[in-house]
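Colleague: So that we are looking at the same thing, I have put the structure below in structure tokens.
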Amino acid sequence: MDGIRNKRDPGKRLDVNMYTEGHTVKGAKRLPLNLLDALRAFEKSDVVREGLGEDLTKSYLRLRHDDWNAYSRHLTDWERQTTLDC
């Protein structure tokens, strides 16, 4: 709603398949690579805080940081295969 209300420019339309050709688009905005990066961007957003309110924003961040921390405590198969042989 913020974009409509403030008449924000969504940018140039991209008629490409971002899954297969996204690497060829110069200057295209990229999504965060993981949940922690997404949470950091979410946390900095005044638009989110205004739209959801401070209490909901803080609660959501706390919940998702708990998810990230739980995920981070687990070893991946790659970590097991490459680092536990030492």
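Labels for the structure tokens follow display order: chains A, B, ..., residues from 1 in each chain, ligands from 1.
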Please provide as number ranges by chain all residues within 12 Å of Arg30 (chain A), with the sequence filter that same-chain residues fewer than 5 positions apart are discarded (counting only C-alpha atoms).
Modeller: A: 18-19, 22-23, 25, 37-38, 41
Colleague: Please tabulate, as JSON lines, the residues of region 12-80 of chain A that come within 12 Å of region 2-5 of chain A, each with its closest pair of atoms and the distance in Å to one decimal, counting only C-alpha atoms and ordering rows by chain, then residue number upward.
Modeller:
```
{"residue": "A:Ser45", "atom": "CA", "partner": "A:Asp2", "partner_atom": "CA", "distance": 11.9}
{"residue": "A:Asp46", "atom": "CA", "partner": "A:Asp2", "partner_atom": "CA", "distance": 10.6}
{"residue": "A:Val47", "atom": "CA", "partner": "A:Asp2", "partner_atom": "CA", "distance": 7.1}
{"residue": "A:Val48", "atom": "CA", "partner": "A:Asp2", "partner_atom": "CA", "distance": 9.4}
{"residue": "A:Arg49", "atom": "CA", "partner": "A:Asp2", "partner_atom": "CA", "distance": 11.5}
{"residue": "A:Glu50", "atom": "CA", "partner": "A:Asp2", "partner_atom": "CA", "distance": 9.3}
{"residue": "A:Gly51", "atom": "CA", "partner": "A:Asp2", "partner_atom": "CA", "distance": 8.1}
{"residue": "A:Leu52", "atom": "CA", "partner": "A:Asp2", "partner_atom": "CA", "distance": 11.7}
```
Colleague: Could the residues in this selection be saved with N, CA, C and O atoms as a PDB file, in the first residue's frame?
Modeller:
```pdb
ATOM      1  N   SER A  45      13.584  -1.709   7.687  1.00  0.00           N
ATOM      2  CA  SER A  45      12.541  -1.111   6.865  1.00  0.00           C
ATOM      3  C   SER A  45      11.545  -0.282   7.678  1.00  0.00           C
ATOM      4  O   SER A  45      10.778  -0.808   8.485  1.00  0.00           O
ATOM      5  N   ASP A  46      11.553   1.014   7.430  1.00  0.00           N
ATOM      6  CA  ASP A  46      10.564   1.894   8.054  1.00  0.00           C
ATOM      7  C   ASP A  46       9.166   1.609   7.515  1.00  0.00           C
ATOM      8  O   ASP A  46       8.180   1.746   8.226  1.00  0.00           O
ATOM      9  N   VAL A  47       9.082   1.208   6.253  1.00  0.00           N
ATOM     10  CA  VAL A  47       7.792   0.889   5.635  1.00  0.00           C
ATOM     11  C   VAL A  47       7.143  -0.291   6.360  1.00  0.00           C
ATOM     12  O   VAL A  47       5.943  -0.277   6.656  1.00  0.00           O
ATOM     13  N   VAL A  48       7.927  -1.306   6.685  1.00  0.00           N
ATOM     14  CA  VAL A  48       7.405  -2.473   7.402  1.00  0.00           C
ATOM     15  C   VAL A  48       6.923  -2.063   8.788  1.00  0.00           C
ATOM     16  O   VAL A  48       5.821  -2.407   9.208  1.00  0.00           O
ATOM     17  N   ARG A  49       7.746  -1.302   9.490  1.00  0.00           N
ATOM     18  CA  ARG A  49       7.376  -0.879  10.849  1.00  0.00           C
ATOM     19  C   ARG A  49       6.103  -0.040  10.835  1.00  0.00           C
ATOM     20  O   ARG A  49       5.241  -0.197  11.702  1.00  0.00           O
ATOM     21  N   GLU A  50       5.985   0.825   9.857  1.00  0.00           N
ATOM     22  CA  GLU A  50       4.791   1.660   9.767  1.00  0.00           C
ATOM     23  C   GLU A  50       3.558   0.820   9.414  1.00  0.00           C
ATOM     24  O   GLU A  50       2.484   1.007   9.974  1.00  0.00           O
ATOM     25  N   GLY A  51       3.725  -0.125   8.508  1.00  0.00           N
ATOM     26  CA  GLY A  51       2.600  -0.930   8.058  1.00  0.00           C
ATOM     27  C   GLY A  51       2.139  -1.964   9.075  1.00  0.00           C
ATOM     28  O   GLY A  51       0.947  -2.182   9.250  1.00  0.00           O
ATOM     29  N   LEU A  52       3.078  -2.605   9.756  1.00  0.00           N
ATOM     30  CA  LEU A  52       2.738  -3.669  10.691  1.00  0.00           C
ATOM     31  C   LEU A  52       2.651  -3.198  12.138  1.00  0.00           C
ATOM     32  O   LEU A  52       2.055  -3.877  12.972  1.00  0.00           O
TER      33      LEU A  52
END
```
Colleague: Using only C-alpha atoms, can you tell me which of A:Lys26, A:Gly11, A:Thr76, A:Lys58 comes closest to Lys44 (chain A)?
Modeller: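 Looking at the shortest contact to Lys44 (chain A), the residue is A:Lys58.
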Colleague: Measure the distance from CA of Tyr71 (chain A) to CA of Arg40 (chain A) in Å and round it to one decimal.
Modeller: 16.4 Å
Colleague: Quote the spacing between CA of Trp78 (chain A) and CA of Glu21 (chain A) in Å to one decimal place.
Modeller: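 Atom-to-atom, CA of Trp78 (chain A) and CA of Glu21 (chain A) are spaced 27.5 Å apart.
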Colleague: Which residue is closest to Leu56 (chain A)? Choose from A:Glu43, A:Asp15, A:Ser72, A:Ala28 and count only C-alpha atoms.
Modeller: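 Using only C-alpha atoms, Leu56 (chain A) sits closest to A:Glu43.
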Colleague: Could you state the separation of CA of Leu36 (chain A) and CA of Thr20 (chain A) in Å, given to one decimal place?
Modeller: 25.0 Å
Colleague: So that I can check the secondary structure, give me every residue of chain A assigned helix (DSSP H, G or I) by backbone DSSP, as a ChimeraX atom specification.
Modeller: /A:2-5,18-24,35-44,46-52,54-72,77-83
